[in-house]
>>> print(open('target_27.pdb').read())   # PDB, C-alpha atoms
ATOM      1  CA  MET I 218      -5.743  -2.641  29.841
ATOM      2  CA  SER I 219      -9.377  -1.548  29.912
ATOM      3  CA  GLU I 220     -11.029  -1.192  26.520
ATOM      4  CA  PRO I 221     -12.452   2.180  25.470
ATOM      5  CA  GLU I 222     -16.178   2.739  25.921
ATOM      6  CA  LEU I 223     -16.486   4.743  22.688
ATOM      7  CA  LEU I 224     -14.512   4.782  19.446
ATOM      8  CA  ARG I 225     -14.973   7.759  17.126
ATOM      9  CA  ILE I 226     -14.348   6.578  13.565
ATOM     10  CA  VAL I 227     -13.367   9.183  10.964
ATOM     11  CA  SER I 228     -13.849   8.524   7.280
ATOM     12  CA  ARG I 229     -14.605  10.179   3.973
ATOM     13  CA  SER I 230     -18.268  11.079   3.714
ATOM     14  CA  SER I 231     -18.993   9.317   0.408
ATOM     15  CA  PRO I 232     -21.565   6.482   0.416
ATOM     16  CA  MET I 233     -18.847   3.928  -0.288
ATOM     17  CA  ALA I 234     -16.593   5.193   2.499
ATOM     18  CA  LEU I 235     -19.470   5.122   4.971
ATOM     19  CA  ALA I 236     -20.326   1.576   3.853
ATOM     20  CA  GLN I 237     -16.723   0.639   4.639
ATOM     21  CA  VAL I 238     -17.087   2.152   8.103
ATOM     22  CA  GLU I 239     -20.206   0.056   8.641
ATOM     23  CA  ARG I 240     -18.175  -3.059   7.930
ATOM     24  CA  VAL I 241     -15.665  -1.993  10.591
ATOM     25  CA  ARG I 242     -18.454  -1.218  13.070
ATOM     26  CA  ALA I 243     -20.040  -4.630  12.439
ATOM     27  CA  GLU I 244     -16.757  -6.459  12.979
ATOM     28  CA  LEU I 245     -16.082  -4.466  16.137
ATOM     29  CA  ALA I 246     -19.556  -5.325  17.410
ATOM     30  CA  ARG I 247     -18.765  -9.025  16.975
ATOM     31  CA  HIS I 248     -15.287  -8.939  18.486
ATOM     32  CA  ARG I 249     -15.704  -6.140  21.050
ATOM     33  CA  PRO I 250     -19.433  -5.886  21.854
ATOM     34  CA  GLY I 251     -18.788  -3.587  24.806
ATOM     35  CA  ILE I 252     -17.458  -0.771  22.627
ATOM     36  CA  ARG I 253     -19.802   1.833  21.183
ATOM     37  CA  THR I 254     -18.884   3.530  17.915
ATOM     38  CA  GLU I 255     -19.601   6.928  16.454
ATOM     39  CA  VAL I 256     -18.933   8.053  12.876
ATOM     40  CA  VAL I 257     -17.102  11.307  12.154
ATOM     41  CA  PRO I 258     -17.563  11.978   8.395
ATOM     42  CA  VAL I 259     -15.295  14.445   6.582
ATOM     43  CA  THR I 260     -15.268  15.657   2.989
ATOM     44  CA  THR I 261     -11.795  15.469   1.518
ATOM     45  CA  SER I 262     -10.239  17.726  -1.107
ATOM     46  CA  GLY I 263     -10.269  14.751  -3.484
ATOM     47  CA  ASP I 264     -14.024  14.411  -3.038
ATOM     48  CA  ARG I 265     -14.630  18.106  -3.697
ATOM     49  CA  TRP I 266     -12.333  18.398  -6.722
ATOM     50  CA  MET I 267     -13.744  16.954  -9.957
ATOM     51  CA  GLY I 268     -10.749  17.842 -12.138
ATOM     52  CA  ASP I 269      -7.383  16.182 -12.746
ATOM     53  CA  LEU I 270      -6.051  14.955  -9.384
ATOM     54  CA  ALA I 271      -2.517  15.833 -10.476
ATOM     55  CA  LYS I 272      -3.490  19.514 -10.346
ATOM     56  CA  LEU I 273      -4.573  19.014  -6.744
ATOM     57  CA  GLY I 274      -1.273  17.481  -5.768
ATOM     58  CA  GLY I 275      -2.494  13.961  -6.486
ATOM     59  CA  LYS I 276      -1.371  11.746  -3.638
ATOM     60  CA  GLY I 277      -3.136  12.168  -0.349
ATOM     61  CA  ALA I 278      -6.134  13.975  -1.846
ATOM     62  CA  PHE I 279      -8.468  11.399  -0.305
ATOM     63  CA  THR I 280      -6.693  11.021   3.043
ATOM     64  CA  LYS I 281      -5.346  14.412   4.166
ATOM     65  CA  GLU I 282      -8.442  15.656   5.991
ATOM     66  CA  VAL I 283      -9.099  12.234   7.513
ATOM     67  CA  ASP I 284      -5.533  12.123   8.838
ATOM     68  CA  ALA I 285      -5.845  15.641  10.221
ATOM     69  CA  ALA I 286      -8.944  14.747  12.239
ATOM     70  CA  LEU I 287      -7.174  11.725  13.699
ATOM     71  CA  VAL I 288      -4.003  13.608  14.595
ATOM     72  CA  ALA I 289      -6.027  16.466  16.151
ATOM     73  CA  GLY I 290      -7.823  14.018  18.446
ATOM     74  CA  GLU I 291     -11.211  14.630  16.831
ATOM     75  CA  ALA I 292     -11.444  10.884  16.196
ATOM     76  CA  ASP I 293      -9.807   7.719  17.538
ATOM     77  CA  LEU I 294      -9.758   5.555  14.446
ATOM     78  CA  ALA I 295      -9.518   6.237  10.700
ATOM     79  CA  VAL I 296     -10.691   3.884   7.968
ATOM     80  CA  HIS I 297      -8.822   4.076   4.664
ATOM     81  CA  CYS I 298      -8.755   2.190   1.387
ATOM     82  CA  VAL I 299      -5.093   1.199   1.186
ATOM     83  CA  LYS I 300      -5.032   2.137  -2.512
ATOM     84  CA  ASP I 301      -5.730   5.774  -1.516
ATOM     85  CA  VAL I 302      -2.929   6.029   1.054
ATOM     86  CA  PRO I 303       0.341   7.416  -0.408
ATOM     87  CA  ALA I 304       3.214   4.944  -0.112
ATOM     88  CA  ASP I 305       6.019   7.260  -1.215
ATOM     89  CA  ARG I 306       6.122   8.919   2.180
ATOM     90  CA  PRO I 307       5.546   7.817   5.798
ATOM     91  CA  LEU I 308       2.168   7.957   7.493
ATOM     92  CA  PRO I 309       1.496  11.263   9.284
ATOM     93  CA  ALA I 310       3.710  11.606  12.328
ATOM     94  CA  GLY I 311       2.197  10.029  15.416
ATOM     95  CA  THR I 312      -0.054   7.589  13.551
ATOM     96  CA  VAL I 313       0.190   3.895  12.756
ATOM     97  CA  PHE I 314      -1.755   1.192  10.970
ATOM     98  CA  ALA I 315      -3.303  -1.052  13.623
ATOM     99  CA  ALA I 316      -4.940  -3.598  11.306
ATOM    100  CA  PHE I 317      -5.685  -4.533   7.717
ATOM    101  CA  LEU I 318      -9.051  -6.205   7.204
ATOM    102  CA  GLU I 319      -9.480  -9.369   5.157
ATOM    103  CA  ARG I 320      -9.058  -8.492   1.506
ATOM    104  CA  ASP I 321     -12.059  -8.046  -0.781
ATOM    105  CA  ASP I 322     -12.127  -8.673  -4.531
ATOM    106  CA  ILE I 323      -9.191  -6.901  -6.192
ATOM    107  CA  ARG I 324     -10.570  -6.994  -9.738
ATOM    108  CA  ASP I 325     -12.104  -4.290 -11.914
ATOM    109  CA  ALA I 326     -15.578  -4.542 -13.422
ATOM    110  CA  LEU I 327     -17.079  -3.346 -16.663
ATOM    111  CA  VAL I 328     -20.477  -1.687 -16.334
ATOM    112  CA  HIS I 329     -22.431  -1.521 -19.602
ATOM    113  CA  PRO I 330     -26.183  -0.799 -19.747
ATOM    114  CA  GLY I 331     -26.646  -3.422 -22.450
ATOM    115  CA  GLY I 332     -24.665  -6.085 -20.621
ATOM    116  CA  LEU I 333     -21.857  -6.285 -23.189
ATOM    117  CA  THR I 334     -18.419  -7.601 -22.268
ATOM    118  CA  LEU I 335     -15.212  -5.676 -22.928
ATOM    119  CA  ASP I 336     -14.477  -7.671 -26.081
ATOM    120  CA  GLN I 337     -17.995  -7.045 -27.381
ATOM    121  CA  LEU I 338     -17.854  -3.249 -27.138
ATOM    122  CA  PRO I 339     -17.919  -1.681 -30.617
ATOM    123  CA  ALA I 340     -15.158   0.651 -31.770
ATOM    124  CA  GLY I 341     -15.618   4.185 -30.489
ATOM    125  CA  THR I 342     -17.400   3.132 -27.292
ATOM    126  CA  ARG I 343     -16.803   5.804 -24.647
ATOM    127  CA  VAL I 344     -15.526   4.201 -21.447
ATOM    128  CA  GLY I 345     -15.699   6.440 -18.386
ATOM    129  CA  THR I 346     -12.574   6.437 -16.219
ATOM    130  CA  SER I 347      -9.976   8.931 -15.022
ATOM    131  CA  SER I 348      -7.562   6.251 -13.788
ATOM    132  CA  VAL I 349      -4.221   6.409 -15.608
ATOM    133  CA  ARG I 350      -3.771   2.720 -14.725
ATOM    134  CA  ARG I 351      -7.009   1.722 -16.436
ATOM    135  CA  ILE I 352      -6.487   4.061 -19.393
ATOM    136  CA  ALA I 353      -3.027   2.633 -20.142
ATOM    137  CA  GLN I 354      -4.195  -0.974 -19.952
ATOM    138  CA  LEU I 355      -7.294  -0.324 -22.038
ATOM    139  CA  ALA I 356      -5.150   1.440 -24.645
ATOM    140  CA  ALA I 357      -2.913  -1.629 -24.795
ATOM    141  CA  SER I 358      -5.662  -4.247 -25.026
ATOM    142  CA  HIS I 359      -8.567  -2.387 -26.701
ATOM    143  CA  PRO I 360      -7.174   0.634 -28.568
ATOM    144  CA  GLN I 361     -10.404   0.983 -30.558
ATOM    145  CA  LEU I 362     -12.234   2.183 -27.424
ATOM    146  CA  GLU I 363     -12.260   5.797 -26.216
ATOM    147  CA  CYS I 364     -11.640   6.731 -22.590
ATOM    148  CA  VAL I 365     -13.531   9.787 -21.308
ATOM    149  CA  PRO I 366     -12.744  11.519 -17.987
ATOM    150  CA  MET I 367     -15.018  10.348 -15.176
ATOM    151  CA  ARG I 368     -14.518  11.448 -11.565
ATOM    152  CA  GLY I 369     -16.787  11.242  -8.521
ATOM    153  CA  ASN I 370     -17.848   8.428  -6.232
ATOM    154  CA  ALA I 371     -19.263   5.229  -7.718
ATOM    155  CA  ASN I 372     -22.884   6.310  -7.270
ATOM    156  CA  ARG I 373     -22.204   9.585  -9.061
ATOM    157  CA  ARG I 374     -20.420   7.816 -11.911
ATOM    158  CA  LEU I 375     -23.381   5.481 -12.356
ATOM    159  CA  GLU I 376     -25.611   8.558 -12.568
ATOM    160  CA  LYS I 377     -23.320  10.063 -15.213
ATOM    161  CA  LEU I 378     -23.505   6.812 -17.170
ATOM    162  CA  ALA I 379     -27.296   6.915 -17.024
ATOM    163  CA  ASP I 380     -27.175  10.548 -18.218
ATOM    164  CA  GLY I 381     -25.199   9.509 -21.294
ATOM    165  CA  GLU I 382     -21.844  11.047 -20.366
ATOM    166  CA  ALA I 383     -20.240   7.690 -21.203
ATOM    167  CA  ASP I 384     -21.328   4.409 -22.799
ATOM    168  CA  ALA I 385     -19.658   2.180 -20.205
ATOM    169  CA  LEU I 386     -17.682   2.430 -16.967
ATOM    170  CA  LEU I 387     -14.736   0.719 -15.335
ATOM    171  CA  LEU I 388     -15.169   0.439 -11.556
ATOM    172  CA  ALA I 389     -13.783  -1.702  -8.747
ATOM    173  CA  VAL I 390     -15.730  -4.874  -8.014
ATOM    174  CA  SER I 391     -15.197  -4.407  -4.269
ATOM    175  CA  GLY I 392     -16.559  -0.867  -4.380
ATOM    176  CA  LEU I 393     -19.720  -1.889  -6.193
ATOM    177  CA  GLU I 394     -20.216  -4.734  -3.740
ATOM    178  CA  ARG I 395     -19.767  -2.402  -0.764
ATOM    179  CA  ILE I 396     -22.522  -0.055  -1.959
ATOM    180  CA  GLY I 397     -24.824  -2.924  -2.915
ATOM    181  CA  ARG I 398     -24.607  -2.332  -6.678
ATOM    182  CA  ALA I 399     -22.960  -5.536  -7.901
ATOM    183  CA  ASP I 400     -26.101  -5.982 -10.013
ATOM    184  CA  VAL I 401     -24.787  -3.456 -12.571
ATOM    185  CA  ILE I 402     -21.650  -5.457 -13.381
ATOM    186  CA  SER I 403     -21.552  -6.673 -16.981
ATOM    187  CA  GLU I 404     -18.185  -8.413 -16.704
ATOM    188  CA  VAL I 405     -15.594  -8.982 -14.000
ATOM    189  CA  LEU I 406     -12.222  -8.463 -15.659
ATOM    190  CA  PRO I 407      -9.426 -10.950 -14.905
ATOM    191  CA  THR I 408      -6.232  -9.453 -13.474
ATOM    192  CA  GLU I 409      -4.485 -10.532 -16.693
ATOM    193  CA  VAL I 410      -6.742  -8.088 -18.568
ATOM    194  CA  MET I 411      -6.842  -5.275 -15.985
ATOM    195  CA  CYS I 412      -4.131  -5.436 -13.334
ATOM    196  CA  PRO I 413      -5.390  -3.786 -10.104
ATOM    197  CA  PRO I 414      -3.951  -0.806  -8.220
ATOM    198  CA  ILE I 415      -1.588  -1.323  -5.317
ATOM    199  CA  GLY I 416      -3.655  -1.909  -2.167
ATOM    200  CA  ALA I 417      -6.842  -2.875  -4.007
ATOM    201  CA  GLY I 418      -9.624  -4.326  -1.871
ATOM    202  CA  ILE I 419      -7.948  -3.755   1.507
ATOM    203  CA  LEU I 420      -9.261  -1.533   4.297
ATOM    204  CA  ALA I 421      -6.716  -0.162   6.764
ATOM    205  CA  LEU I 422      -7.426   0.910  10.340
ATOM    206  CA  GLN I 423      -5.211   3.798  11.424
ATOM    207  CA  CYS I 424      -4.753   5.019  15.017
ATOM    208  CA  ARG I 425      -2.581   7.430  16.949
ATOM    209  CA  GLU I 426       0.508   5.427  17.897
ATOM    210  CA  GLY I 427       0.256   6.440  21.557
ATOM    211  CA  ASP I 428      -3.362   5.269  21.853
ATOM    212  CA  ALA I 429      -2.606   1.770  23.114
ATOM    213  CA  ALA I 430      -6.205   1.089  24.162
ATOM    214  CA  THR I 431      -7.612   1.715  20.681
ATOM    215  CA  ILE I 432      -4.805  -0.213  18.989
ATOM    216  CA  GLU I 433      -5.488  -3.165  21.276
ATOM    217  CA  ALA I 434      -9.226  -2.942  20.634
ATOM    218  CA  VAL I 435      -8.987  -3.045  16.823
ATOM    219  CA  SER I 436      -5.862  -5.085  16.153
ATOM    220  CA  GLY I 437      -7.833  -8.310  16.488
ATOM    221  CA  LEU I 438      -9.792  -7.383  13.356
ATOM    222  CA  GLY I 439      -6.655  -7.711  11.252
ATOM    223  CA  ASP I 440      -6.072 -10.458   8.710
ATOM    224  CA  PRO I 441      -2.499 -11.859   8.579
ATOM    225  CA  ALA I 442      -2.574 -12.465   4.806
ATOM    226  CA  ALA I 443      -3.807  -8.922   4.133
ATOM    227  CA  HIS I 444      -1.022  -7.583   6.368
ATOM    228  CA  ARG I 445       1.679  -9.450   4.453
ATOM    229  CA  GLU I 446       0.254  -8.519   1.055
ATOM    230  CA  THR I 447      -0.100  -4.849   2.002
ATOM    231  CA  THR I 448       3.448  -4.739   3.356
ATOM    232  CA  ALA I 449       4.880  -6.145   0.119
ATOM    233  CA  GLU I 450       2.783  -3.912  -2.138
ATOM    234  CA  ARG I 451       3.399  -0.662  -0.270
ATOM    235  CA  MET I 452       7.138  -1.288  -0.042
ATOM    236  CA  PHE I 453       7.146  -1.933  -3.793
ATOM    237  CA  LEU I 454       5.418   1.398  -4.421
ATOM    238  CA  HIS I 455       7.660   3.189  -1.944
ATOM    239  CA  VAL I 456      10.846   2.012  -3.680
ATOM    240  CA  LEU I 457       9.458   2.743  -7.138
ATOM    241  CA  GLN I 458       8.517   6.338  -6.142
ATOM    242  CA  GLY I 459       5.816   6.754  -8.766
ATOM    243  CA  HIS I 460       3.753   9.917  -9.063
ATOM    244  CA  CYS I 461       0.009  10.418  -9.550
ATOM    245  CA  ASN I 462       0.254  10.218 -13.353
ATOM    246  CA  SER I 463       2.294   6.992 -13.322
ATOM    247  CA  PRO I 464       0.333   3.986 -14.607
ATOM    248  CA  ILE I 465       1.463   1.418 -12.014
ATOM    249  CA  ALA I 466      -0.393  -1.762 -11.144
ATOM    250  CA  GLY I 467       0.245  -4.859  -9.099
ATOM    251  CA  TYR I 468      -0.860  -7.192  -6.367
ATOM    252  CA  ALA I 469       0.579  -9.618  -3.853
ATOM    253  CA  GLN I 470      -1.126 -12.954  -3.374
ATOM    254  CA  THR I 471      -0.963 -15.506  -0.595
ATOM    255  CA  GLU I 472      -1.374 -19.078  -1.823
ATOM    256  CA  ARG I 473      -3.118 -21.775   0.183
ATOM    257  CA  GLY I 474       0.201 -23.067   1.428
ATOM    258  CA  GLY I 475       1.106 -19.605   2.697
ATOM    259  CA  GLU I 476       3.586 -18.758  -0.075
ATOM    260  CA  LEU I 477       3.573 -15.079  -1.014
ATOM    261  CA  SER I 478       4.154 -13.659  -4.488
ATOM    262  CA  LEU I 479       4.047 -10.185  -5.988
ATOM    263  CA  ARG I 480       3.214  -9.353  -9.592
ATOM    264  CA  ALA I 481       3.628  -5.761 -10.787
ATOM    265  CA  LYS I 482       3.584  -3.678 -13.956
ATOM    266  CA  VAL I 483       4.563  -0.192 -15.088
ATOM    267  CA  PHE I 484       3.091   1.262 -18.279
ATOM    268  CA  THR I 485       3.533   4.233 -20.524
ATOM    269  CA  PRO I 486       0.290   6.256 -20.576
ATOM    270  CA  ASP I 487      -0.515   5.044 -24.094
ATOM    271  CA  GLY I 488      -0.015   1.407 -23.067
ATOM    272  CA  LYS I 489       2.537   0.824 -25.812
ATOM    273  CA  ARG I 490       5.295  -0.110 -23.378
ATOM    274  CA  VAL I 491       4.745  -2.434 -20.439
ATOM    275  CA  LEU I 492       7.322  -3.524 -17.869
ATOM    276  CA  ASN I 493       6.549  -6.745 -15.972
ATOM    277  CA  ALA I 494       7.935  -8.416 -12.869
ATOM    278  CA  HIS I 495       6.694 -11.383 -10.843
ATOM    279  CA  GLU I 496       8.570 -12.902  -7.935
ATOM    280  CA  TRP I 497       7.908 -15.367  -5.126
ATOM    281  CA  ALA I 498       8.969 -14.471  -1.615
ATOM    282  CA  GLY I 499      10.648 -17.751  -0.750
ATOM    283  CA  PRO I 500      12.766 -16.907   2.306
ATOM    284  CA  LEU I 501      12.224 -13.170   1.851
ATOM    285  CA  ASP I 502      10.010 -11.188   4.201
ATOM    286  CA  PRO I 503       7.145  -9.232   2.533
ATOM    287  CA  ALA I 504       8.955  -5.882   2.578
ATOM    288  CA  THR I 505      12.038  -7.389   0.971
ATOM    289  CA  LEU I 506       9.857  -9.019  -1.677
ATOM    290  CA  GLY I 507       8.348  -5.616  -2.497
ATOM    291  CA  THR I 508      11.817  -4.101  -2.752
ATOM    292  CA  SER I 509      13.046  -6.918  -4.987
ATOM    293  CA  VAL I 510      10.144  -6.560  -7.450
ATOM    294  CA  ALA I 511      10.613  -2.777  -7.595
ATOM    295  CA  VAL I 512      14.340  -3.207  -8.281
ATOM    296  CA  ALA I 513      13.535  -5.696 -11.047
ATOM    297  CA  LEU I 514      11.348  -3.072 -12.752
ATOM    298  CA  LEU I 515      13.912  -0.313 -12.187
ATOM    299  CA  ARG I 516      16.482  -2.488 -13.943
ATOM    300  CA  GLN I 517      14.081  -2.676 -16.894
ATOM    301  CA  GLY I 518      13.925   1.118 -17.113
ATOM    302  CA  ALA I 519      10.991   1.997 -14.843
ATOM    303  CA  ARG I 520      12.730   5.098 -13.460
ATOM    304  CA  GLU I 521      13.173   6.656 -16.898
ATOM    305  CA  LEU I 522       9.634   5.657 -17.898
ATOM    306  CA  ILE I 523       8.060   7.195 -14.754
ATOM    307  CA  ASP I 524      10.183  10.359 -14.845
ATOM    308  CA  GLY I 525       9.309  10.841 -18.506
ATOM    309  CA  ILE I 526       5.586  11.251 -17.704
ATOM    310  CA  ALA I 527       4.471  14.812 -17.035
ATOM    311  CA  HIS I 528       2.949  15.470 -13.607
TER     312      HIS I 528
END
>>> encode(input="target_27.pdb", output="structure tokens")
Amino acid sequence: MSEPELLRIVSRSSPMALAQVERVRAELARHRPGIRTEVVPVTTSGDRWMGDLAKLGGKGAFTKEVDAALVAGEADLAVHCVKDVPADRPLPAGTVFAAFLERDDIRDALVHPGGLTLDQLPAGTRVGTSSVRRIAQLAASHPQLECVPMRGNANRRLEKLADGEADALLLAVSGLERIGRADVISEVLPTEVMCPPIGAGILALQCREGDAATIEAVSGLGDPAAHRETTAERMFLHVLQGHCNSPIAGYAQTERGGELSLRAKVFTPDGKRVLNAHEWAGPLDPATLGTSVAVALLRQGARELIDGIAH
């Protein structure tokens, strides 16, 4: 099969999303130097809307327009953060994930102008975040801090911090690294303190399922560990059927010996109730591991907890 001469890559138009596309272009240049690439930027409804994502329909707010461009044939390849891709429903008809890139750092970072750590922040410190996952965990571990709504891409949030709209921020380590702003990190938070979102740190390459040439061209960029971890995490989220206001966190991890595990949590919004599950795959395939961990949380009452949260 002859490789395509040009790949049109569609992505969100934010600086971070475009930085992610540049990573894909660089890896393609190394593995497939004969292929030219062209970027097709789109602005998604999630990028335009600065209010509560739940009022926008929540899931898919950052992927809908990207998917539409791919399905319409306006692009050949879409680049997504896995954490932004809804797992409670299938991918858009006619599309498929062709590869998951090697995983970046899954942890969250504290950004404080004075360089303080989370434990050093004085009571009443305003921490900028609109993530229900972060809000619930911060309420559980540091109830003396105040969370203030903070939407927008990472660059915009850093500007809002500088303008005094918050005293500190919680942002993804991988995102700050991608835009070259790791210098602002005051503290990298362990996963025991701030459990990451499902799909954290993984970039997915999505193609039309009938486009065999493009799938062949990009599949070699995939990382086997990232594929297994993504499969387990997304199946977990699919079985759990959480909504956009559900504080759900978790991550799969591949050990050096190849053993796969999945740790996951479900919170009440105030962080006062936390459900935990952690299982090793053993003989289970990744999807079955994800199902097993979700069932373990459902047995603890996750369904009632999730359904009891307004959305």
>>> closest_atom_pairs(input="target_27.pdb", of="segment 419-463 of chain I", to="segment 504-526 of chain I", cutoff="7 Å", atoms="only C-alpha atoms", output="JSON lines")
{"residue": "I:Thr448", "atom": "CA", "partner": "I:Ala504", "partner_atom": "CA", "distance": 5.7}
{"residue": "I:Ala449", "atom": "CA", "partner": "I:Gly507", "partner_atom": "CA", "distance": 4.4}
{"residue": "I:Glu450", "atom": "CA", "partner": "I:Gly507", "partner_atom": "CA", "distance": 5.8}
{"residue": "I:Met452", "atom": "CA", "partner": "I:Gly507", "partner_atom": "CA", "distance": 5.1}
{"residue": "I:Phe453", "atom": "CA", "partner": "I:Gly507", "partner_atom": "CA", "distance": 4.1}
{"residue": "I:Val456", "atom": "CA", "partner": "I:Ala511", "partner_atom": "CA", "distance": 6.2}
{"residue": "I:Leu457", "atom": "CA", "partner": "I:Ala511", "partner_atom": "CA", "distance": 5.7}
{"residue": "I:Gly459", "atom": "CA", "partner": "I:Ile523", "partner_atom": "CA", "distance": 6.4}
{"residue": "I:Asn462", "atom": "CA", "partner": "I:Ile526", "partner_atom": "CA", "distance": 7.0}
{"residue": "I:Ser463", "atom": "CA", "partner": "I:Ile523", "partner_atom": "CA", "distance": 5.9}
>>> atom_distance(input="target_27.pdb", atom1="atom CA of Asp284 of chain I", atom2="atom CA of Arg225 of chain I")
13.3 Å
>>> residues_near_point(input="target_27.pdb", point="(1.7, 11.4, 13.4)", cutoff="10 Å", atoms="all atoms listed in the file", output="ChimeraX atom specification")
/I:284-285,287-289,307-313,424-427
>>> resolve_selection(input="target_27.pdb", expression="the PyMOL selection byres ((chain I and resi 395-407) around 6)", output="list in words")
Met233, Asp325, Ala326, Leu327, Val328, His329, Gly332, Thr334, Gly392, Leu393, Glu394, Thr408, Glu409 and Val410 of chain I
>>> residues_around(input="target_27.pdb", residues="Ser358 of chain I", least_positions_apart="3", cutoff="12 Å", atoms="only C-alpha atoms", output="number ranges by chain")
I: 335-336, 351-355, 361-362, 409-412, 487-491
>>> write_last_selection(input="target_27.pdb", atoms="C-alpha atoms", output="mmCIF file, in the coordinates of the input")
data_model
loop_
_atom_site.group_PDB
_atom_site.id
_atom_site.type_symbol
_atom_site.label_atom_id
_atom_site.label_comp_id
_atom_site.auth_asym_id
_atom_site.auth_seq_id
_atom_site.Cartn_x
_atom_site.Cartn_y
_atom_site.Cartn_z
ATOM 1 C CA LEU I 335 -15.212 -5.676 -22.928
ATOM 2 C CA ASP I 336 -14.477 -7.671 -26.081
ATOM 3 C CA ARG I 351 -7.009 1.722 -16.436
ATOM 4 C CA ILE I 352 -6.487 4.061 -19.393
ATOM 5 C CA ALA I 353 -3.027 2.633 -20.142
ATOM 6 C CA GLN I 354 -4.195 -0.974 -19.952
ATOM 7 C CA LEU I 355 -7.294 -0.324 -22.038
ATOM 8 C CA GLN I 361 -10.404 0.983 -30.558
ATOM 9 C CA LEU I 362 -12.234 2.183 -27.424
ATOM 10 C CA GLU I 409 -4.485 -10.532 -16.693
ATOM 11 C CA VAL I 410 -6.742 -8.088 -18.568
ATOM 12 C CA MET I 411 -6.842 -5.275 -15.985
ATOM 13 C CA CYS I 412 -4.131 -5.436 -13.334
ATOM 14 C CA ASP I 487 -0.515 5.044 -24.094
ATOM 15 C CA GLY I 488 -0.015 1.407 -23.067
ATOM 16 C CA LYS I 489 2.537 0.824 -25.812
ATOM 17 C CA ARG I 490 5.295 -0.110 -23.378
ATOM 18 C CA VAL I 491 4.745 -2.434 -20.439
#
>>> atom_distance(input="target_27.pdb", atom1="atom CA of His495 of chain I", atom2="atom CA of Leu438 of chain I")
29.6 Å
>>> resolve_selection(input="target_27.pdb", expression="the PyMOL selection byres ((chain I and resi 235-247) around 8)", output="list in words")
Ile226, Ser228, Arg229, Ser230, Ser231, Pro232, Met233, Ala234, His248, Arg249, Pro250, Gly251, Ile252, Thr254, Val256, Pro258, Val296, Arg395, Ile396, Leu420, Val435 and Leu438 of chain I
>>> write_last_selection(input="target_27.pdb", atoms="C-alpha atoms", output="mmCIF file, in the frame of the given file")
data_model
loop_
_atom_site.group_PDB
_atom_site.id
_atom_site.type_symbol
_atom_site.label_atom_id
_atom_site.label_comp_id
_atom_site.auth_asym_id
_atom_site.auth_seq_id
_atom_site.Cartn_x
_atom_site.Cartn_y
_atom_site.Cartn_z
ATOM 1 C CA ILE I 226 -14.348 6.578 13.565
ATOM 2 C CA SER I 228 -13.849 8.524 7.280
ATOM 3 C CA ARG I 229 -14.605 10.179 3.973
ATOM 4 C CA SER I 230 -18.268 11.079 3.714
ATOM 5 C CA SER I 231 -18.993 9.317 0.408
ATOM 6 C CA PRO I 232 -21.565 6.482 0.416
ATOM 7 C CA MET I 233 -18.847 3.928 -0.288
ATOM 8 C CA ALA I 234 -16.593 5.193 2.499
ATOM 9 C CA HIS I 248 -15.287 -8.939 18.486
ATOM 10 C CA ARG I 249 -15.704 -6.140 21.050
ATOM 11 C CA PRO I 250 -19.433 -5.886 21.854
ATOM 12 C CA GLY I 251 -18.788 -3.587 24.806
ATOM 13 C CA ILE I 252 -17.458 -0.771 22.627
ATOM 14 C CA THR I 254 -18.884 3.530 17.915
ATOM 15 C CA VAL I 256 -18.933 8.053 12.876
ATOM 16 C CA PRO I 258 -17.563 11.978 8.395
ATOM 17 C CA VAL I 296 -10.691 3.884 7.968
ATOM 18 C CA ARG I 395 -19.767 -2.402 -0.764
ATOM 19 C CA ILE I 396 -22.522 -0.055 -1.959
ATOM 20 C CA LEU I 420 -9.261 -1.533 4.297
ATOM 21 C CA VAL I 435 -8.987 -3.045 16.823
ATOM 22 C CA LEU I 438 -9.792 -7.383 13.356
#
>>> build_atoms(input="target_27.pdb", residues="segment 245-252 of chain I", atoms="N, CA and C atoms", output="mmCIF file, in the frame of the given file")
data_model
loop_
_atom_site.group_PDB
_atom_site.id
_atom_site.type_symbol
_atom_site.label_atom_id
_atom_site.label_comp_id
_atom_site.auth_asym_id
_atom_site.auth_seq_id
_atom_site.Cartn_x
_atom_site.Cartn_y
_atom_site.Cartn_z
ATOM 1 N N LEU I 245 -16.344 -4.846 14.751
ATOM 2 C CA LEU I 245 -16.082 -4.466 16.137
ATOM 3 C C LEU I 245 -17.182 -4.959 17.069
ATOM 4 N N ALA I 246 -18.425 -4.875 16.596
ATOM 5 C CA ALA I 246 -19.556 -5.325 17.410
ATOM 6 C C ALA I 246 -19.460 -6.822 17.711
ATOM 7 N N ARG I 247 -18.919 -7.583 16.763
ATOM 8 C CA ARG I 247 -18.765 -9.025 16.975
ATOM 9 C C ARG I 247 -17.604 -9.330 17.912
ATOM 10 N N HIS I 248 -16.485 -8.627 17.713
ATOM 11 C CA HIS I 248 -15.287 -8.939 18.486
ATOM 12 C C HIS I 248 -15.210 -8.176 19.812
ATOM 13 N N ARG I 249 -15.764 -6.985 19.851
ATOM 14 C CA ARG I 249 -15.704 -6.140 21.050
ATOM 15 C C ARG I 249 -17.088 -5.541 21.312
ATOM 16 N N PRO I 250 -18.047 -6.363 21.716
ATOM 17 C CA PRO I 250 -19.433 -5.886 21.854
ATOM 18 C C PRO I 250 -19.619 -4.791 22.894
ATOM 19 N N GLY I 251 -18.650 -4.613 23.772
ATOM 20 C CA GLY I 251 -18.788 -3.587 24.806
ATOM 21 C C GLY I 251 -18.415 -2.195 24.349
ATOM 22 N N ILE I 252 -17.906 -2.076 23.126
ATOM 23 C CA ILE I 252 -17.458 -0.771 22.627
ATOM 24 C C ILE I 252 -18.527 -0.147 21.737
#
